[in-house]
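Let me begin by presenting the structure, written as structure tokens, before commenting on it.
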Amino acid sequence: MADYLPHTSEEVVDMLDFLGLSTLDDLFAHVPAALRLSQGLDMAPGLSEPDVADIFAEYTSANEATLANLVCFAGAGAYDHEVPAVVKMLGSRSEFVTAYTPYQPEVAQGILQAIFEYQTMISRLSGLPIANASLYDGATALVEAVNMAAGSTGRSKLVISAGVHPHWRETVRTFAQGTGHELVIAPLVNGITDWSAVDASDAAAIVATYPNYLGFLEDLSVPKSLATQNDALFIACGDPVAAGVLKTAGQWGADIYVGEGQPFGTALSFGGPYLGLFACTEAQIRRLPGRLVGETVDTEGRRAFVTTLRAREQDIRREKATSNVCTNQTLMAVTAAIQLSYLGTHGLREVATRCAQGARYAYDQIVALDGVSAVSDQPFFREFAVITSQPADLVLERLVADGFLGGLSANSLAGTKDGSLADPTHTLLISVTEKRTKAEIDSYAAALAKAVK
Amino acid sequence: MTMRAQPGGRASSAPLLGNGTEPTIFEMSVAGRSAYQLRTTHIPAKTLEELVPSAHLNPDVVPLAEVSERDLVAHFTRLSHRQFAVDLGAYPLGSCTMKYNPKFCDSVAADPGLNSVHPGAPAALTQGWLRLMVDLEEKLCEVTGMAAATLQPSAGAAGELTGLLLMRAYHEARGDVRKRVIIPDSAHGTNPASVTLGGYEVTTIPSDERGLVDLDALKKVLGPDVAGIMLTNPNTVGLFEEEITEIAAAVHEVGGLLYYDGANLNAILGVVRPGDMGFDIVHMNLHKTFATPHGGGGPGAGPVAVAARLAEYLPGPKATKLADGTYDWVQPENSIGRVHGWHGNAMVLARALAYIDVHGGDGLTRVAQHAVLNANWLRHRLRHVLPAAYDRPCMHECVLTASAFKQQHSVKALDLAKRLMEKGFHAPTVYFPLIVDEALMFEPTETESLQTLEAMAQALEEIAVEAAETPDLVRNAPTATPVSRVDEARAARQLIPTEDAAQR
Ligand SMILES: Cc1ncc(COP(=O)(O)O)c(C=O)c1O
């Protein structure tokens, strides 16, 4: 009888009595008897919390790939960054955790102001004036971006770089089954997008990414001019940590920025909940998906915050809404605002710089190994791809024995049919964050030298 | 009913007080101040210029706040004091199921054995997670009476769109071109928005005088071009669709599918199942029914469960138990593809499973029983103050109407809701569903005590007296909260979505 229900059995009797009923079942008298479960659910009875904790210990102990067990060199959109105690604690305050969407601004200034601060930070990092209150994750944020572009241009063709994370591309493809968008993939050549052969006429959007999923930096002025020439919107996806030092999406001329905000204070979490970052130009604001917080005043003239431009949203516009998003990822956005304030102007630059330093240090050692070669000589930022003489999955398996989650095989992300790589089964993606020490990288390189033999 | 006069059992629900303003984090910033600390790595400190071609570097420094850790903590703690939450008191926001979120479930999600796992790690190294997902899928299928489920969608709306794509895949596989999806006029806004994104046209049908689907009106719009219908049962008025079997038969008759919007699943846990009612596709809002906290607007999770004949289309890859007892990712045969960058909001899924395990089958049934008991008690207790929009037994929520207040005192539903916040309770949902005039939708949930319900009822009675005697007090409420009513028109007219826009 473990539960969280407050009523005593006497109270239940009194309450039923007040309603003129005698049993709890009577509450459901209007539910057709033929439909009602006579025996309840076929499910074990409730257990106490300590008993359930024992069950969960079985799940956790069966997960070998924890950070405590394996030093993490895996990235591809999910990164092992430091999340300091202060961010964890502030981000788990129950006033933030147990609130609903801020529908009543008078009692939701905490969340509203935190989102306003978050929007300001994402706007600055993207170099674009408008950032929304969050979307589910990077992949679904890209779906919203292409929908915005299609709505804005009245077109349905999407030209997407094969450097965009394979899962993101696949997610766009899934939702295109409903919207009818046509996808044209611009291939990778030598690790970066080759835009020369794609037909971008009548495109709604040109989608590029920075760095791409292999880690390489691309010259975004090429897709930008392709967008300009064809009157398409330019969507730039990007690693938000890199945005701490690299040219912003706005500086490259993007109409929309999309990113995965997990690096800003959210644990690896087996992939979710993460944080969909979304920013755009003022020209697109009437099509903005999701919630937007704006500053205003209350009846006393005090500064106050409220969700605004609500007429775009599903509860008002219904089938004509620009997006169906209702619940988003606010807690992750609040956490990102806290993490970015913890890091501050210099801290974020320092984290970004250290990622780049670590990646370069690792790269120099790793490409010097027998049985490993670089995928490309293009500049990279915090992760890079190498070709291994043994299958990447086997290499990873061997590295586990030495205590490393040694990266991700391109095959596991893209599959062999993806076509964005010459040999995905022998391509290993390696990522380095500010947490990786010289000693860890040195021993990783030594282990890799054995593993590729 | 008057409350038993016994010692103890005093109810409390905390109003938010204080009316200073909190500076923004940027206003608190002082150049040169910092809070961050990083690990010592001994990696050679090359400059950015040595690492990255200058064409890629931002010539400018992106400014963020520069604050001490002490100021950081003070700022966000003060913000938290300006935020009402379930942990402070009753939050009867209808359709949102703002029940108490057990701390135990949070502690599960804080375990590094779950939350420090990289989502791309090979299945062999993440067997615990895959098993957890398989176990959760099985339990969600039992609760809904369905055959298989995807855990990928991040929220209810994402589940809806996933479900519509499944509907589309199902029909297309049969070479069946269908154009329309039927929705009752009481539906939540995400339903029609999802239908459009699913590539279908919306056909809206009216509710009848009972607040239920009008079966005749439904039959009139049914035809071979109908892909399906989206319903929630209990519906958004909090009433059970008693003719659901007939509705299902009529829709299936024309080859359409039934989609169940699971926002209201809390009412029927262990009592009746969507699958048994004839639904083919069901989404659940784990952030409602299964007590995963809502986080001020997310994260949620919106798993979608389906009948056996739709399982082959589910998003993939799916955690699957193999014949040898191990677990792996498997792509359903005719999968529509991914609907999430990784595997869904995994930590939310873990919380929900912990919640289900603590309750078990018996506990989940009690959840529904007590949720329905509380809603009916409140509806009946308030009948002389705020009548129900439809005078019939409700399920887990009741929609009341403030029509009379508006007519007699020019006091609107919104005014009553705002005044209630000043008395320490969160407002109910107002003006939803759209078919009820001056709607106030109360969903007390099963975790509020009788004392709290009584205190809320008394607060509403006081407000009713105020509305007649001192209506301005109600119309101008709240005044004791961190801010009073805000100028929403100005927010939209002079848009200030960032600190930088404020400075211009
Ligand atoms: C009836 C109903 N349907 C759908 C939704 C959408 O769910 P979510 O906010 O998780 O996307 C809601 C949420 O408020 C709802 O109340």
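Chain labels follow the order of the structure tokens: the first chain is A, the next B, and so on; residue numbering restarts at 1 in every chain, and ligands are counted from 1 in their shown order.
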Contacts with ligand 1 at most 9 Å, only C-alpha atoms and all ligand atoms counted, listed as a PDB file with C-alpha atoms, in the first residue's frame:
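Listed below is the output, part.pdb:
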```pdb
ATOM      1  CA  THR A 101       4.181  26.533 -17.914  1.00  0.00           C
ATOM      2  CA  ASN A 324       2.160  22.371 -32.293  1.00  0.00           C
ATOM      3  CA  VAL A 325       4.645  22.805 -29.443  1.00  0.00           C
ATOM      4  CA  CYS A 326       3.118  23.324 -26.009  1.00  0.00           C
ATOM      5  CA  THR A 327       5.281  21.789 -23.271  1.00  0.00           C
ATOM      6  CA  ASN A 328       8.918  22.515 -24.117  1.00  0.00           C
TER       7      ASN A 328
ATOM      8  CA  GLY B  94      -7.136  21.748 -15.178  1.00  0.00           C
ATOM      9  CA  SER B  95      -5.851  19.467 -17.947  1.00  0.00           C
ATOM     10  CA  CYS B  96      -2.340  19.691 -16.501  1.00  0.00           C
ATOM     11  CA  THR B  97      -2.529  17.119 -13.673  1.00  0.00           C
ATOM     12  CA  SER B 154       9.307  14.552 -25.825  1.00  0.00           C
ATOM     13  CA  ALA B 155       5.847  15.797 -24.894  1.00  0.00           C
ATOM     14  CA  GLY B 156       2.172  15.328 -25.586  1.00  0.00           C
ATOM     15  CA  ALA B 157       2.160  17.393 -28.763  1.00  0.00           C
ATOM     16  CA  ALA B 158       5.157  15.456 -30.105  1.00  0.00           C
ATOM     17  CA  GLY B 159       3.262  12.263 -29.329  1.00  0.00           C
ATOM     18  CA  GLU B 160       0.223  13.534 -31.223  1.00  0.00           C
ATOM     19  CA  ALA B 187     -10.201  19.610 -28.167  1.00  0.00           C
ATOM     20  CA  HIS B 188      -6.910  21.026 -26.946  1.00  0.00           C
ATOM     21  CA  GLY B 189      -5.151  23.333 -29.432  1.00  0.00           C
ATOM     22  CA  THR B 190      -2.273  20.938 -29.967  1.00  0.00           C
ATOM     23  CA  ASN B 191      -4.668  18.445 -31.609  1.00  0.00           C
ATOM     24  CA  LEU B 231     -10.386  12.244 -28.794  1.00  0.00           C
ATOM     25  CA  THR B 232      -9.533  12.367 -25.171  1.00  0.00           C
ATOM     26  CA  ASN B 235     -12.854  14.692 -22.645  1.00  0.00           C
ATOM     27  CA  THR B 236     -11.588  18.193 -21.941  1.00  0.00           C
ATOM     28  CA  ASP B 261      -4.988  12.129 -26.419  1.00  0.00           C
ATOM     29  CA  GLY B 262      -3.687  10.861 -23.094  1.00  0.00           C
ATOM     30  CA  ALA B 263      -3.668  14.178 -21.291  1.00  0.00           C
ATOM     31  CA  ASN B 264      -6.555  12.912 -19.173  1.00  0.00           C
ATOM     32  CA  MET B 284       0.585   9.564 -22.663  1.00  0.00           C
ATOM     33  CA  ASN B 285       1.847  12.674 -20.908  1.00  0.00           C
ATOM     34  CA  LEU B 286       4.264  11.239 -18.375  1.00  0.00           C
ATOM     35  CA  HIS B 287       4.601  14.770 -16.976  1.00  0.00           C
ATOM     36  CA  LYS B 288       0.960  14.620 -16.011  1.00  0.00           C
ATOM     37  CA  GLY B 297       7.115  24.204 -18.912  1.00  0.00           C
ATOM     38  CA  GLY B 298       8.977  20.968 -19.566  1.00  0.00           C
ATOM     39  CA  PRO B 299      10.665  18.565 -19.938  1.00  0.00           C
ATOM     40  CA  GLY B 300       7.847  16.131 -20.426  1.00  0.00           C
ATOM     41  CA  ALA B 301       7.608  12.851 -22.258  1.00  0.00           C
ATOM     42  CA  GLY B 302       4.897  11.717 -24.631  1.00  0.00           C
TER      43      GLY B 302
END
```
*asked:* List as a PyMOL selection string the protein and nucleic acid residues near segment 268-282 of chain A, meaning an atom at most 7 Å away when only C-alpha atoms are counted, but skip any in the same chain fewer than 6 places from it.
replied: (chain A and resi 78-80+123+126+128-132+134-138+141+255-262+329+332-333) or (chain B and resi 114-119+299+342-347)
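The smallest atom-to-atom distance between Ala401 of chain A and any of B:Leu125, B:Leu48, B:Ile356, B:Ala389, using only C-alpha atoms, is found for B:Leu125.
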*Which residue out of A:Glu383, A:Gly46, A:Phe28, A:Glu106 has the minimum interatomic distance to Leu420 of chain B when only C-alpha atoms are used?*
A:Glu106
*So how many Å separate atom CA of Gln127 of chain B and atom CA of Asp393 of chain A, to one decimal?*
16.6 Å
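If you count only C-alpha atoms and ignore residues fewer than 6 places along the chain from segment 69-74 of chain B, what sits within 10 Å of it is Val86, Val87, Met89, Leu90, Ile338, Gln339, Ser341, Tyr342 and Leu343 of chain A; Ile25, Met28, Ser29, Arg33, Ser34, Ala35, Tyr36 and Ser80 of chain B.
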For the residues in that selection, give me C-alpha atoms as an mmCIF file, in the first residue's frame.
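Below is the file out04.cif, written as the result:
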```
data_model
loop_
_atom_site.group_PDB
_atom_site.id
_atom_site.type_symbol
_atom_site.label_atom_id
_atom_site.label_comp_id
_atom_site.auth_asym_id
_atom_site.auth_seq_id
_atom_site.Cartn_x
_atom_site.Cartn_y
_atom_site.Cartn_z
ATOM 1 C CA VAL A 86 26.008 25.168 -7.780
ATOM 2 C CA VAL A 87 24.305 24.665 -11.147
ATOM 3 C CA MET A 89 21.553 22.640 -6.937
ATOM 4 C CA LEU A 90 20.002 25.805 -8.305
ATOM 5 C CA ILE A 338 22.377 29.311 -14.654
ATOM 6 C CA GLN A 339 25.320 27.473 -16.219
ATOM 7 C CA SER A 341 25.956 32.799 -15.757
ATOM 8 C CA TYR A 342 28.297 30.599 -13.768
ATOM 9 C CA LEU A 343 30.737 30.503 -16.655
ATOM 10 C CA ILE B 25 21.601 38.725 -14.104
ATOM 11 C CA MET B 28 24.104 42.405 -11.607
ATOM 12 C CA SER B 29 27.155 41.816 -13.767
ATOM 13 C CA ARG B 33 33.965 39.200 -11.660
ATOM 14 C CA SER B 34 33.674 35.450 -12.084
ATOM 15 C CA ALA B 35 32.412 32.241 -10.534
ATOM 16 C CA TYR B 36 33.766 29.466 -12.742
ATOM 17 C CA SER B 80 12.607 30.841 -7.244
#
```
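Proximity ranking of B:His294, B:Arg419, B:Lys412, B:Arg10 relative to chain A places B:His294 first, based on only C-alpha atoms.
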*Residue contacts of Leu226 of chain A (12 Å, only C-alpha atoms) excluding same-chain residues fewer than 4 positions away, as a PyMOL selection string*: chain A and resi 159-160+186+194-208+220-222+230-235+253-254
Take the residues just selected and output them with C-alpha atoms as an mmCIF file, in the first residue's frame.
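That gives us selection12.cif:
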```cif
data_model
loop_
_atom_site.group_PDB
_atom_site.id
_atom_site.type_symbol
_atom_site.label_atom_id
_atom_site.label_comp_id
_atom_site.auth_asym_id
_atom_site.auth_seq_id
_atom_site.Cartn_x
_atom_site.Cartn_y
_atom_site.Cartn_z
ATOM 1 C CA VAL A 159 18.738 21.417 -49.147
ATOM 2 C CA ILE A 160 20.581 19.878 -46.227
ATOM 3 C CA ALA A 186 24.476 17.965 -50.206
ATOM 4 C CA ASP A 194 30.192 20.029 -51.347
ATOM 5 C CA TRP A 195 27.457 22.449 -52.342
ATOM 6 C CA SER A 196 28.560 22.709 -55.950
ATOM 7 C CA ALA A 197 26.376 20.001 -57.429
ATOM 8 C CA VAL A 198 23.115 20.580 -55.572
ATOM 9 C CA ASP A 199 20.157 22.121 -57.279
ATOM 10 C CA ALA A 200 18.931 24.726 -54.831
ATOM 11 C CA SER A 201 16.378 26.335 -57.102
ATOM 12 C CA ASP A 202 13.020 26.707 -55.371
ATOM 13 C CA ALA A 203 14.547 25.698 -52.062
ATOM 14 C CA ALA A 204 12.807 26.835 -48.896
ATOM 15 C CA ALA A 205 15.965 26.419 -46.856
ATOM 16 C CA ILE A 206 19.655 25.722 -47.082
ATOM 17 C CA VAL A 207 20.735 23.896 -43.934
ATOM 18 C CA ALA A 208 24.402 23.882 -42.929
ATOM 19 C CA LEU A 220 29.366 29.016 -44.225
ATOM 20 C CA SER A 221 29.569 31.851 -46.712
ATOM 21 C CA VAL A 222 29.071 29.224 -49.445
ATOM 22 C CA ASN A 230 17.779 31.181 -54.525
ATOM 23 C CA ASP A 231 15.756 33.335 -52.115
ATOM 24 C CA ALA A 232 15.858 30.534 -49.573
ATOM 25 C CA LEU A 233 16.274 30.924 -45.837
ATOM 26 C CA PHE A 234 19.666 30.026 -44.438
ATOM 27 C CA ILE A 235 19.550 27.763 -41.390
ATOM 28 C CA GLY A 253 24.188 35.653 -42.299
ATOM 29 C CA ALA A 254 21.866 32.953 -41.005
#
```
_Nearest to chain A by atom-to-atom distance, counting only C-alpha atoms, from B:Thr447, B:Thr292, B:Ser186, B:Ser54_ = B:Thr447
_Nearby residues (only C-alpha atoms) at most 12 Å from Gly120 of chain B, same-chain spacing under 6 positions excluded, as a VMD selection string_ = (chain A and resid 65 to 66 72 to 79 167 268 to 272 393 396 405 to 414 429) or (chain B and resid 126 129 329 341 to 343)
_To one decimal place in Å, what is the distance between atom CA of Ala176 of chain A and atom CA of Pro315 of chain B?_
13.9 Å
*Polymer residues at most 8 Å from Tyr313 of chain B, only C-alpha atoms, same-chain spacing of 5 or more positions, as a ChimeraX atom specification*: /B:166,169-170,332-336
Could the residues in this selection be written to a file with N, CA, C and O atoms, as a CSV table (one decimal), in the first residue's frame?
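Wrote it out as selection-v6.csv, contents follow:
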```csv
chain,number,residue,atom,x,y,z
B,166,LEU,N,1.9,7.9,-37.8
B,166,LEU,CA,1.7,6.5,-37.8
B,166,LEU,C,0.4,6.2,-38.5
B,166,LEU,O,0.3,5.2,-39.3
B,169,ALA,N,1.1,6.4,-42.1
B,169,ALA,CA,1.9,5.3,-42.6
B,169,ALA,C,1.0,4.1,-42.8
B,169,ALA,O,1.1,3.3,-43.8
B,170,TYR,N,0.1,3.9,-41.8
B,170,TYR,CA,-0.8,2.8,-41.9
B,170,TYR,C,-1.7,2.8,-43.1
B,170,TYR,O,-1.9,1.8,-43.8
B,332,PRO,N,11.7,-1.1,-36.1
B,332,PRO,CA,10.5,-1.7,-36.5
B,332,PRO,C,10.5,-1.8,-38.1
B,332,PRO,O,11.0,-0.9,-38.8
B,333,GLU,N,9.9,-2.8,-38.6
B,333,GLU,CA,10.0,-3.2,-40.0
B,333,GLU,C,9.7,-2.0,-40.9
B,333,GLU,O,10.4,-1.7,-41.9
B,334,ASN,N,8.6,-1.3,-40.7
B,334,ASN,CA,8.2,-0.2,-41.6
B,334,ASN,C,8.2,1.1,-40.8
B,334,ASN,O,7.3,1.9,-41.0
B,335,SER,N,9.2,1.3,-40.0
B,335,SER,CA,9.3,2.4,-39.1
B,335,SER,C,9.1,3.8,-39.8
B,335,SER,O,9.7,3.9,-40.9
B,336,ILE,N,8.4,4.7,-39.2
B,336,ILE,CA,8.4,6.0,-39.8
B,336,ILE,C,9.7,6.8,-39.6
B,336,ILE,O,9.9,7.8,-40.2
```
